[in-house]
Amino acid sequence: MNVWKEGKIGSLQIGNRFVHTATGEGLCTEKGEATPRLLERYRSLGRLGAIGLIITGHMYVEKSGRMRPGQTGIDDDALVRGLAQVVQAAKQDGSRIFAQLAHGGIMTMRTVTGKEALGPSKMTINGSDDNRALSLPEIHALIQSFADAARRAREAGFDGVQLHAAHGYGLSQFLSPYFNRREDEYGGPVENRTRIVTQILHKIKSEAGCDFPVTIKINSTDALAGGIRLEDALQSARLMEEAGAAGIEVSGGCALTQAESGPMRPVNPKTLKGACYFRDEARFFQKHMRIPVTLVGGVRTLEQAEDIISSGDAAFVGICRPLIREPDLLIRWRQRIASQTTCISCNRCLALSRTGTGVFCPHKL
């Protein structure tokens, strides 16, 4: 299978097998509104349709779940007009675009939200216990907030949405026994811990339509003692598939794990040691699932991407940090002008996105 050939997510045709995976931009106003800098970022990513599918940075579905200064909002109908401009910029040459929907859970900070953090269970995180467990009515309200956000995404012209259920944020916390200590229908066995996601999937279909594709980004492992394991993650993913998920993106780790076990691991730019670090996990998921799996994590060369697709280890290849440094990277790969990124995986771009400065590569090309 050729990496430049069309693929499908649900009934949606994707121009090739490359996915720009979600990257928090930090480029919006304090009200979560799109800015000219955000539009320019998506305009540059959409050039010549070289990226088959663009997934936005995480958008908060409730103000209580906002994680960063400058984060994009999708919690209010008033934001739809600006989001429609993002869509128009990204789709100018034929790329598809999904909005990533998120809630920070107990990883949110009072300095950002003005409120105590809310998650599946109260616990101490990084020395702070400024959080509490969501009540059942609050969980039901959160499910509705995700559905409302998906409806806004469709109104803005997005081709689909991705639920951020990875990296130790809100939905990921429900899936993980490390974070989820509940004893009701949302805690305990895998079926219960996955319930909030499957209910969101059903609610989105009723609010945004059965033909509106929803994919899920999940952890294959939390890389934490007592966290989610690969077999449990697959069981959750299969429950999501049964509930109507159109695709799965496989990642791992969270803010509490070491860098070498997290979602943004180091890759040696010369030897490529550490590249494609979730390949085994993606292969495991794709082998046991009917819906397409996206492999993300340390893909640094065109040859690696071609081998992933031709081997059937995944249906799509996700790229994140290299497209911050080189938004036109896949144009040059398609034209065979280059075959490797110049990204050195230093993660300084992501640190900048969390400060309110906005995401960009600090190293001059």
# chains A, B, ... in the order shown; residues from 1 in each chain; ligands from 1
$ residues_around --residues "stretch 133-139 of chain A" --least-positions-apart "6" --cutoff "9 Å" --atoms "only C-alpha atoms" --output "list of chain:residue names"
A:Ile106, A:Ala117, A:Leu118, A:Gly119, A:Pro120, A:Ser121, A:Lys122, A:Met123, A:Arg182, A:Tyr186, A:Ile196
$ residues_around --residues "A:Thr357" --least-positions-apart "3" --cutoff "9 Å" --atoms "only C-alpha atoms" --output "list of chain:residue names"
A:Gly26, A:Leu27, A:Pro69, A:Gly70, A:Leu352, A:Ser353, A:Arg354, A:Phe360
$ write_last_selection --atoms "N, CA and C atoms" --output "mmCIF file, in the first residue's frame"
data_model
loop_
_atom_site.group_PDB
_atom_site.id
_atom_site.type_symbol
_atom_site.label_atom_id
_atom_site.label_comp_id
_atom_site.auth_asym_id
_atom_site.auth_seq_id
_atom_site.Cartn_x
_atom_site.Cartn_y
_atom_site.Cartn_z
ATOM 1 N N GLY A 26 -1.761 27.247 21.517
ATOM 2 C CA GLY A 26 -1.601 28.413 22.383
ATOM 3 C C GLY A 26 -1.678 29.714 21.627
ATOM 4 N N LEU A 27 -2.495 29.755 20.571
ATOM 5 C CA LEU A 27 -2.530 30.916 19.674
ATOM 6 C C LEU A 27 -3.882 31.630 19.656
ATOM 7 N N PRO A 69 -3.068 28.645 28.699
ATOM 8 C CA PRO A 69 -3.342 29.975 28.149
ATOM 9 C C PRO A 69 -3.326 29.905 26.630
ATOM 10 N N GLY A 70 -4.222 30.618 25.995
ATOM 11 C CA GLY A 70 -4.242 30.641 24.526
ATOM 12 C C GLY A 70 -4.856 29.421 23.893
ATOM 13 N N LEU A 352 6.807 26.185 24.621
ATOM 14 C CA LEU A 352 6.367 27.532 24.251
ATOM 15 C C LEU A 352 4.845 27.596 24.122
ATOM 16 N N SER A 353 4.234 26.527 23.603
ATOM 17 C CA SER A 353 2.781 26.525 23.409
ATOM 18 C C SER A 353 2.033 26.580 24.736
ATOM 19 N N ARG A 354 2.684 26.218 25.823
ATOM 20 C CA ARG A 354 2.025 26.162 27.132
ATOM 21 C C ARG A 354 2.197 27.428 27.949
ATOM 22 N N PHE A 360 5.833 27.345 18.185
ATOM 23 C CA PHE A 360 6.695 27.527 17.025
ATOM 24 C C PHE A 360 8.045 26.870 17.330
#
$ atom_distance --atom1 "atom CA of A:Met289" --atom2 "atom CA of A:Ile216"
13.3 Å
$ atom_distance --atom1 "atom CA of A:Ala237" --atom2 "atom CA of A:Leu142"
20.4 Å
$ residues_around --residues "A:Gly114" --least-positions-apart "2" --cutoff "12 Å" --atoms "only C-alpha atoms" --output "short mmCIF file (atom, residue, chain, number, x, y, z; two decimals) with N, CA and C atoms, in the first residue's frame"
data_model
loop_
_atom_site.label_atom_id
_atom_site.label_comp_id
_atom_site.auth_asym_id
_atom_site.auth_seq_id
_atom_site.Cartn_x
_atom_site.Cartn_y
_atom_site.Cartn_z
N LYS A 63 -15.27 25.38 30.03
CA LYS A 63 -14.22 26.24 30.60
C LYS A 63 -13.53 25.57 31.78
N SER A 64 -14.23 24.69 32.49
CA SER A 64 -13.62 23.97 33.61
C SER A 64 -12.52 23.02 33.14
N GLY A 65 -12.48 22.71 31.86
CA GLY A 65 -11.50 21.78 31.32
C GLY A 65 -10.40 22.44 30.52
N ARG A 66 -10.32 23.79 30.58
CA ARG A 66 -9.28 24.50 29.85
C ARG A 66 -7.93 24.23 30.49
N MET A 67 -6.93 23.90 29.66
CA MET A 67 -5.64 23.46 30.18
C MET A 67 -4.52 24.47 30.06
N THR A 108 -6.08 20.24 35.11
CA THR A 108 -6.28 21.68 34.94
C THR A 108 -5.77 22.41 36.19
N MET A 109 -5.53 23.72 36.04
CA MET A 109 -5.01 24.52 37.14
C MET A 109 -5.95 25.69 37.43
N ARG A 110 -6.11 25.99 38.72
CA ARG A 110 -6.97 27.10 39.11
C ARG A 110 -6.51 28.42 38.50
N THR A 111 -5.20 28.57 38.27
CA THR A 111 -4.68 29.80 37.67
C THR A 111 -5.20 30.00 36.25
N VAL A 112 -5.61 28.90 35.58
CA VAL A 112 -6.14 28.98 34.22
C VAL A 112 -7.67 29.03 34.21
N GLU A 116 -11.47 24.84 41.06
CA GLU A 116 -10.78 23.60 41.38
C GLU A 116 -10.94 22.62 40.22
N ALA A 117 -9.98 21.75 40.07
CA ALA A 117 -10.01 20.79 38.97
C ALA A 117 -11.03 19.69 39.25
N ASP A 130 -5.92 20.18 44.90
CA ASP A 130 -6.95 21.17 44.56
C ASP A 130 -7.85 20.62 43.47
#
$ residues_around --residues "stretch 162-173 of chain A" --least-positions-apart "4" --cutoff "8 Å" --atoms "only C-alpha atoms" --output "number ranges by chain"
A: 55, 58, 65, 98-107, 119-120, 177-180, 196-197, 214-219, 222, 251-255, 263
$ write_last_selection --atoms "N, CA and C atoms" --output "short mmCIF file (atom, residue, chain, number, x, y, z; two decimals), in the first residue's frame"
data_model
loop_
_atom_site.label_atom_id
_atom_site.label_comp_id
_atom_site.auth_asym_id
_atom_site.auth_seq_id
_atom_site.Cartn_x
_atom_site.Cartn_y
_atom_site.Cartn_z
N ILE A 55 -5.44 17.29 12.26
CA ILE A 55 -6.18 17.31 13.52
C ILE A 55 -5.70 18.51 14.31
N HIS A 58 -5.85 20.52 20.99
CA HIS A 58 -7.00 20.23 21.86
C HIS A 58 -7.84 21.48 22.12
N GLY A 65 -12.48 22.71 31.86
CA GLY A 65 -11.50 21.78 31.32
C GLY A 65 -10.40 22.44 30.52
N PHE A 98 -10.07 17.60 11.30
CA PHE A 98 -10.87 17.21 12.46
C PHE A 98 -10.55 18.16 13.61
N ALA A 99 -11.55 18.45 14.43
CA ALA A 99 -11.34 19.20 15.67
C ALA A 99 -11.10 18.21 16.80
N GLN A 100 -10.03 18.42 17.57
CA GLN A 100 -9.81 17.56 18.73
C GLN A 100 -10.53 18.17 19.94
N LEU A 101 -11.39 17.37 20.57
CA LEU A 101 -12.20 17.82 21.70
C LEU A 101 -11.60 17.28 22.99
N ALA A 102 -11.51 18.14 24.01
CA ALA A 102 -10.79 17.74 25.21
C ALA A 102 -11.33 18.40 26.47
N HIS A 103 -11.01 17.78 27.59
CA HIS A 103 -11.21 18.33 28.92
C HIS A 103 -10.00 17.91 29.73
N GLY A 104 -9.43 18.84 30.49
CA GLY A 104 -8.19 18.54 31.20
C GLY A 104 -8.33 17.68 32.44
N GLY A 105 -9.57 17.53 32.95
CA GLY A 105 -9.73 16.74 34.16
C GLY A 105 -8.97 17.35 35.32
N ILE A 106 -8.36 16.50 36.15
CA ILE A 106 -7.65 17.02 37.32
C ILE A 106 -6.28 17.59 36.96
N MET A 107 -5.92 17.60 35.68
CA MET A 107 -4.68 18.24 35.24
C MET A 107 -4.86 19.74 35.01
N GLY A 119 -12.29 15.70 38.06
CA GLY A 119 -11.91 14.48 37.37
C GLY A 119 -12.71 13.30 37.89
N PRO A 120 -12.35 12.10 37.49
CA PRO A 120 -13.09 10.92 37.95
C PRO A 120 -12.99 10.72 39.46
N PRO A 177 -7.01 3.02 35.55
CA PRO A 177 -7.22 2.66 36.96
C PRO A 177 -6.31 3.44 37.91
N TYR A 178 -5.25 4.06 37.40
CA TYR A 178 -4.40 4.90 38.25
C TYR A 178 -5.16 6.13 38.72
N PHE A 179 -5.90 6.75 37.82
CA PHE A 179 -6.64 7.97 38.13
C PHE A 179 -8.08 7.70 38.58
N ASN A 180 -8.67 6.64 38.06
CA ASN A 180 -10.09 6.37 38.28
C ASN A 180 -10.27 5.40 39.45
N ILE A 196 -17.92 6.45 29.88
CA ILE A 196 -18.09 7.86 29.54
C ILE A 196 -17.78 8.11 28.07
N VAL A 197 -16.76 7.42 27.54
CA VAL A 197 -16.40 7.62 26.13
C VAL A 197 -17.45 7.02 25.20
N VAL A 214 -16.08 10.15 14.19
CA VAL A 214 -15.45 10.44 15.48
C VAL A 214 -14.32 9.45 15.69
N THR A 215 -13.11 9.95 15.87
CA THR A 215 -11.98 9.08 16.18
C THR A 215 -11.57 9.34 17.63
N ILE A 216 -10.75 8.45 18.17
CA ILE A 216 -10.34 8.55 19.57
C ILE A 216 -8.82 8.43 19.66
N LYS A 217 -8.20 9.33 20.41
CA LYS A 217 -6.78 9.19 20.73
C LYS A 217 -6.69 8.59 22.13
N ILE A 218 -6.02 7.44 22.25
CA ILE A 218 -5.95 6.75 23.54
C ILE A 218 -4.52 6.36 23.88
N ASN A 219 -4.31 6.11 25.16
CA ASN A 219 -3.03 5.58 25.63
C ASN A 219 -2.99 4.07 25.47
N ASP A 222 -0.14 3.94 30.31
CA ASP A 222 0.09 5.20 31.01
C ASP A 222 1.55 5.35 31.43
N SER A 251 -1.28 6.23 21.35
CA SER A 251 -0.19 6.99 21.97
C SER A 251 0.11 6.37 23.32
N GLY A 252 0.69 7.14 24.25
CA GLY A 252 0.99 6.62 25.56
C GLY A 252 1.68 7.64 26.44
N GLY A 253 1.68 7.37 27.75
CA GLY A 253 2.35 8.23 28.70
C GLY A 253 1.52 9.45 29.07
N CYS A 254 2.04 10.22 30.03
CA CYS A 254 1.34 11.43 30.47
C CYS A 254 2.33 12.35 31.16
N ALA A 255 1.80 13.44 31.71
CA ALA A 255 2.66 14.44 32.34
C ALA A 255 3.40 13.92 33.56
N PRO A 263 4.59 10.78 25.75
CA PRO A 263 4.11 10.86 24.37
C PRO A 263 5.08 11.57 23.42
#
$ residues_around --residues "stretch 2-17 of chain A" --least-positions-apart "2" --cutoff "10 Å" --atoms "only C-alpha atoms" --output "ChimeraX atom specification"
/A:19,49-53,94-97,159-160,211-215,244-248,291-294,302-303,305-310,314-318,334
$ write_last_selection --atoms "C-alpha atoms" --output "CSV table (one decimal), in the first residue's frame"
chain,number,residue,atom,x,y,z
A,19,VAL,CA,-2.1,12.8,9.6
A,49,GLY,CA,-3.2,19.2,0.3
A,50,ALA,CA,0.0,17.4,1.2
A,51,ILE,CA,-1.3,16.4,4.6
A,52,GLY,CA,-4.3,14.1,4.2
A,53,LEU,CA,-5.9,14.8,7.5
A,94,GLY,CA,-8.1,19.6,-0.3
A,95,SER,CA,-6.8,18.5,3.1
A,96,ARG,CA,-9.4,17.2,5.6
A,97,ILE,CA,-9.6,18.6,9.1
A,159,ASP,CA,-14.9,16.9,8.6
A,160,GLY,CA,-15.1,15.1,11.9
A,211,ASP,CA,-22.3,10.2,9.3
A,212,PHE,CA,-20.0,12.6,11.2
A,213,PRO,CA,-16.8,10.6,11.9
A,214,VAL,CA,-15.5,10.4,15.5
A,215,THR,CA,-12.0,9.1,16.2
A,244,GLY,CA,-19.3,3.7,16.5
A,245,ALA,CA,-15.7,5.1,16.7
A,246,ALA,CA,-14.4,5.5,13.2
A,247,GLY,CA,-10.7,5.3,14.0
A,248,ILE,CA,-8.1,5.0,16.8
A,291,ILE,CA,-11.3,0.4,12.1
A,292,PRO,CA,-8.2,2.2,10.9
A,293,VAL,CA,-5.4,2.8,13.4
A,294,THR,CA,-3.1,5.8,13.3
A,302,LEU,CA,9.5,9.2,4.4
A,303,GLU,CA,11.0,5.6,4.3
A,305,ALA,CA,6.2,6.1,6.9
A,306,GLU,CA,6.2,4.1,3.7
A,307,ASP,CA,7.3,0.9,5.5
A,308,ILE,CA,4.6,1.4,8.2
A,309,ILE,CA,1.8,1.6,5.6
A,310,SER,CA,3.2,-1.1,3.3
A,314,ALA,CA,-1.2,1.0,10.7
A,315,ALA,CA,-3.6,2.5,8.2
A,316,PHE,CA,-2.4,6.1,8.8
A,317,VAL,CA,0.9,7.7,9.9
A,318,GLY,CA,0.8,10.6,12.3
A,334,ARG,CA,6.0,14.1,-1.9
$ residues_around --residues "A:Ala223" --least-positions-apart "3" --cutoff "7 Å" --atoms "only C-alpha atoms" --output "number ranges by chain"
A: 227, 253, 257, 261
$ write_last_selection --atoms "N, CA and C atoms" --output "PDB file, in the first residue's frame"
ATOM      1  N   GLY A 227      -1.359   1.952  36.258  1.00  0.00           N
ATOM      2  CA  GLY A 227      -2.044   2.608  35.154  1.00  0.00           C
ATOM      3  C   GLY A 227      -2.593   1.612  34.147  1.00  0.00           C
ATOM      4  N   GLY A 253       1.684   7.370  27.747  1.00  0.00           N
ATOM      5  CA  GLY A 253       2.355   8.234  28.698  1.00  0.00           C
ATOM      6  C   GLY A 253       1.523   9.452  29.070  1.00  0.00           C
ATOM      7  N   THR A 257       4.856  10.919  33.736  1.00  0.00           N
ATOM      8  CA  THR A 257       5.858   9.914  33.371  1.00  0.00           C
ATOM      9  C   THR A 257       7.161  10.580  32.947  1.00  0.00           C
ATOM     10  N   SER A 261       9.380   7.769  28.490  1.00  0.00           N
ATOM     11  CA  SER A 261       8.165   6.947  28.465  1.00  0.00           C
ATOM     12  C   SER A 261       6.927   7.743  28.093  1.00  0.00           C
TER      13      SER A 261
END
$ atom_distance --atom1 "atom CA of A:Leu48" --atom2 "atom CA of A:Trp333"
12.4 Å
$ closest_residue --among "A:Ile125, A:Cys320, A:Val267, A:Ala89" --to "A:Thr23" --atoms "only C-alpha atoms"
A:Cys320
$ select_by_dssp --residues "stretch 151-343 of chain A" --states "strand (DSSP E)" --output "list in words"
Gly160, Val161, Gln162, Leu163, His164, Ala165, Val214, Thr215, Ile216, Lys217, Ile218, Asn219, Gly247, Ile248, Glu249, Val250, Ser251, Val293, Thr294, Leu295, Phe316, Val317, Gly318 and Ile319 of chain A
$ closest_residue --among "A:Arg283, A:Arg43, A:Arg68, A:Lys31" --to "A:Ser311" --atoms "only C-alpha atoms"
A:Arg283
$ closest_residue --among "A:Arg152, A:Arg300, A:Arg336, A:Arg195" --to "A:Gly73" --atoms "only C-alpha atoms"
A:Arg152
$ select_by_dssp --residues "stretch 150-217 of chain A" --states "helix (DSSP H, G or I)" --output "ChimeraX atom specification"
/A:150-156,170-175,190-208
